[in-house]
Amino acid sequence: MDKYKKLATNTLIFAIGTFSSKVLSFLLMPFVTRMLVTSDYGTADLVQQTANVLIPIVFLQINSAALRFALDKDGDKADVFTVGLRTTFKGFAVFLLFAYPISFINIGEFHLGNYLVLIYAFVLVSGLRQLCQQFVRGCGKVKIFAIDGIIATATTLAFNLLFLGPFHWGVTGYIVAIIASDACSVLFLFVTCKLWKFVKLKGVPKQTKFSMLKYSIPMMPTIILWWIINVSDRYMVTAFVGAGANGLYTAASKIPNFVIMFSSIFIDAWQLSAVDEYDNEGTADFFTNVFRVYSGGVFAVASALIIACQLLTKILVAPSYYDSWQFVPILIMATTISCHVNFLASVYMAEKKNIMAMVTALSGAATNVILNLILIKSIGALGAAIATLVSFIVVFVTRGYDTKRFIKINYKTPVVIAELLILAAQSAVMLIMKLGVVMYAVEAVLLVLMLVLNFKPIKELLTLIIGKFLKKGKNNSTT
């Protein structure tokens, strides 16, 4: 199958599963924000994010190794999954030993000990789901992966409606809904893919275990550093401003997920193509062509989202959360750059070189912490959004420079800078003018400019794909 056609096919399949789960997060927001006051919503988010940062530490980020090594055509899939499963259960056993000291951790109004059982259950079940998901995806079962996304969407919706509605479980119900949905996902993947057939009781080569851990362990600090950039500001907002302010900031961070939704649908498919095509002829041109369209699409979605952010906030959250819109434009810009950073991660993945991925993430994490300490104290939660944006810019620049060692991608840097400046102008107009016909007129002009700026690369790739199909059709007709 032609590499562009294969990428498009996989993107469509992943879109089916990913789109539904991403849309769910928006559909649930009106319900969740009405069931939880801002302080409870902020607390629920901190419980979830605490568990998320513990998962790569407890399980040595083995799910990433399961994906990468399952992609190897000459590897033993059973060895890969067995190493992943053993690492997961051994890591959780060690994690249990730290329950007592963890229970005494407090961050402002947030007391970790009050939610310790929920955190442990979340870490185990979510860790198992990530392992199963990535292994299934690495084995090429993309349709099963997509169906799992749809099922996870349905179960998360059902459990949230039940636990936050009739049961009135509050913060506990919000977290238990996620745990229950993840458990259903693990069961589904085990049954449909017969994952028990990939479990070995003995006979796994030590070299497989060593190679997988050598790949995954350097990713642990990278994941933690990403967590620092993406989530640590919520802890600082809670500590410096309060749980209520963090609830507003958390609500605002959900709306930029529209950009992530567009990006993640593509990135899941792109990682498979990036590995498959990495050592083939014309790799640099392939990466460049895909990057141009991907970048243009992300910027276009972000530009449209900034115009609509006030309306979306009014629709998606309870009235008490409406002031959160003021954080959204900057967070959209930050999310846009993070999508570009994720694209470059595919280079490190294909090369199986994660040390510089960690180093580049470290540059962003250090920037984020320093700016958070300075800005949150002076301008509140808006300072956290600005710190996140600057941090992602730092990582993108350092990672773009470093990956030139492996593959020379033509980023069209002046175009990317122009696109970023358009988003900055839109954000400034929105935050300064706030409302009015003039504001929306200026925003519309900037959106049109963004679309015009990205018309050529999208047209080029469409022409390339159509040309490939026509050429293939002619070849088939002459055989």
# chains A, B, ... in the order shown; residues from 1 in each chain; ligands from 1
call {"tool": "closest_atom_pairs", "arguments": {"of": "range 14-110 of chain A", "to": "range 213-227 of chain A", "cutoff": "6 Å", "atoms": "only C-alpha atoms", "output": "CSV"}}
result
residue,atom,partner,partner_atom,distance
A:Pro56,CA,A:Met220,CA,5.7
A:Leu60,CA,A:Ile217,CA,5.5
A:Gln61,CA,A:Ser216,CA,5.4
A:Ile62,CA,A:Ser216,CA,5.5
A:Ala65,CA,A:Ser216,CA,5.4
call {"tool": "residues_around", "arguments": {"residues": "Gln49 in chain A", "least_positions_apart": "3", "cutoff": "12 Å", "atoms": "only C-alpha atoms", "output": "list in words"}}
result
Gly42, Thr43, Ala44, Asp45, Leu46, Asn52, Val53, Leu54, Ile55, Leu112, Ile119, Phe122, Val123, Ile175, Ile224, Trp226, Trp227, Ile228, Asn230, Val231, Ser232, Asp233, Arg234, Tyr235 and Thr250 of chain A
call {"tool": "write_last_selection", "arguments": {"atoms": "N, CA and C atoms", "output": "short mmCIF file (atom, residue, chain, number, x, y, z; two decimals), in the first residue's frame"}}
result
data_model
loop_
_atom_site.label_atom_id
_atom_site.label_comp_id
_atom_site.auth_asym_id
_atom_site.auth_seq_id
_atom_site.Cartn_x
_atom_site.Cartn_y
_atom_site.Cartn_z
N GLY A 42 -11.62 21.10 40.71
CA GLY A 42 -10.17 21.24 40.79
C GLY A 42 -9.54 20.09 41.54
N THR A 43 -10.18 19.64 42.63
CA THR A 43 -9.66 18.51 43.41
C THR A 43 -9.69 17.22 42.60
N ALA A 44 -10.80 16.96 41.90
CA ALA A 44 -10.92 15.76 41.08
C ALA A 44 -9.83 15.73 40.01
N ASP A 45 -9.55 16.88 39.43
CA ASP A 45 -8.51 16.96 38.41
C ASP A 45 -7.14 16.66 39.01
N LEU A 46 -6.87 17.14 40.22
CA LEU A 46 -5.57 16.88 40.86
C LEU A 46 -5.41 15.40 41.19
N ASN A 52 -1.84 10.08 37.00
CA ASN A 52 -1.23 10.06 35.66
C ASN A 52 0.29 10.22 35.72
N VAL A 53 0.78 11.03 36.65
CA VAL A 53 2.23 11.20 36.73
C VAL A 53 2.90 10.01 37.42
N LEU A 54 2.13 9.30 38.25
CA LEU A 54 2.69 8.13 38.93
C LEU A 54 2.82 6.93 37.99
N ILE A 55 1.94 6.83 36.99
CA ILE A 55 1.91 5.67 36.10
C ILE A 55 3.25 5.42 35.41
N LEU A 112 -3.54 14.47 49.84
CA LEU A 112 -3.42 13.25 49.04
C LEU A 112 -3.94 12.02 49.77
N ILE A 119 -6.33 6.61 44.09
CA ILE A 119 -5.11 6.79 43.30
C ILE A 119 -4.48 5.45 42.97
N PHE A 122 -6.62 3.67 40.39
CA PHE A 122 -6.47 4.37 39.11
C PHE A 122 -5.15 3.98 38.45
N VAL A 123 -4.06 4.00 39.20
CA VAL A 123 -2.74 3.71 38.65
C VAL A 123 -2.69 2.29 38.08
N ILE A 175 -13.76 9.99 39.70
CA ILE A 175 -12.57 9.14 39.54
C ILE A 175 -12.96 7.68 39.34
N ILE A 224 7.64 12.57 32.97
CA ILE A 224 7.50 13.40 34.17
C ILE A 224 7.72 14.87 33.83
N TRP A 226 7.14 16.23 30.94
CA TRP A 226 5.94 16.68 30.24
C TRP A 226 4.83 16.98 31.23
N TRP A 227 4.76 16.16 32.25
CA TRP A 227 3.75 16.41 33.29
C TRP A 227 4.01 17.75 33.98
N ILE A 228 5.27 18.05 34.22
CA ILE A 228 5.62 19.33 34.84
C ILE A 228 5.15 20.49 33.97
N ASN A 230 2.78 20.39 31.59
CA ASN A 230 1.33 20.39 31.34
C ASN A 230 0.49 20.55 32.59
N VAL A 231 0.96 20.04 33.72
CA VAL A 231 0.07 19.88 34.87
C VAL A 231 0.56 20.55 36.14
N SER A 232 1.88 20.70 36.31
CA SER A 232 2.38 21.24 37.58
C SER A 232 1.81 22.61 37.90
N ASP A 233 1.45 23.37 36.85
CA ASP A 233 0.89 24.70 37.09
C ASP A 233 -0.43 24.63 37.87
N ARG A 234 -1.16 23.53 37.72
CA ARG A 234 -2.43 23.39 38.44
C ARG A 234 -2.18 23.25 39.94
N TYR A 235 -1.11 22.56 40.30
CA TYR A 235 -0.76 22.46 41.72
C TYR A 235 -0.33 23.82 42.26
N THR A 250 -8.65 24.58 35.18
CA THR A 250 -8.84 23.23 34.65
C THR A 250 -9.94 23.21 33.60
#
call {"tool": "residues_around", "arguments": {"residues": "Asp40 in chain A", "least_positions_apart": "6", "cutoff": "8 Å", "atoms": "only C-alpha atoms", "output": "list in words"}}
result
Gly170, Val171, Ala243 and Gly247 of chain A
call {"tool": "atom_distance", "arguments": {"atom1": "CA of Ser264 in chain A", "atom2": "CA of Met349 in chain A"}}
result
16.0 Å
call {"tool": "closest_atom_pairs", "arguments": {"of": "range 95-141 of chain A", "to": "range 197-210 of chain A", "cutoff": "12 Å", "atoms": "only C-alpha atoms", "output": "CSV"}}
result
residue,atom,partner,partner_atom,distance
A:Cys132,CA,A:Phe198,CA,11.1
A:Phe135,CA,A:Phe198,CA,10.4
A:Val136,CA,A:Phe198,CA,11.0
A:Cys139,CA,A:Phe198,CA,11.4
call {"tool": "residues_around", "arguments": {"residues": "Asn372 in chain A", "least_positions_apart": "5", "cutoff": "8 Å", "atoms": "only C-alpha atoms", "output": "list in words"}}
result
Asp233, Met236, Lys377, Gly383, Ala384 and Ala387 of chain A
call {"tool": "select_by_dssp", "arguments": {"residues": "range 16-144 of chain A", "states": "strand (DSSP E)", "output": "ChimeraX atom specification"}}
result
/A:106-107,110-111
call {"tool": "write_last_selection", "arguments": {"atoms": "C-alpha atoms", "output": "PDB file, in the first residue's frame"}}
result
ATOM      1  CA  ASN A 106      -0.498  17.921  51.129  1.00  0.00           C
ATOM      2  CA  ILE A 107      -0.581  20.629  48.448  1.00  0.00           C
ATOM      3  CA  PHE A 110      -5.391  19.213  48.525  1.00  0.00           C
ATOM      4  CA  HIS A 111      -4.718  16.290  50.925  1.00  0.00           C
TER       5      HIS A 111
END
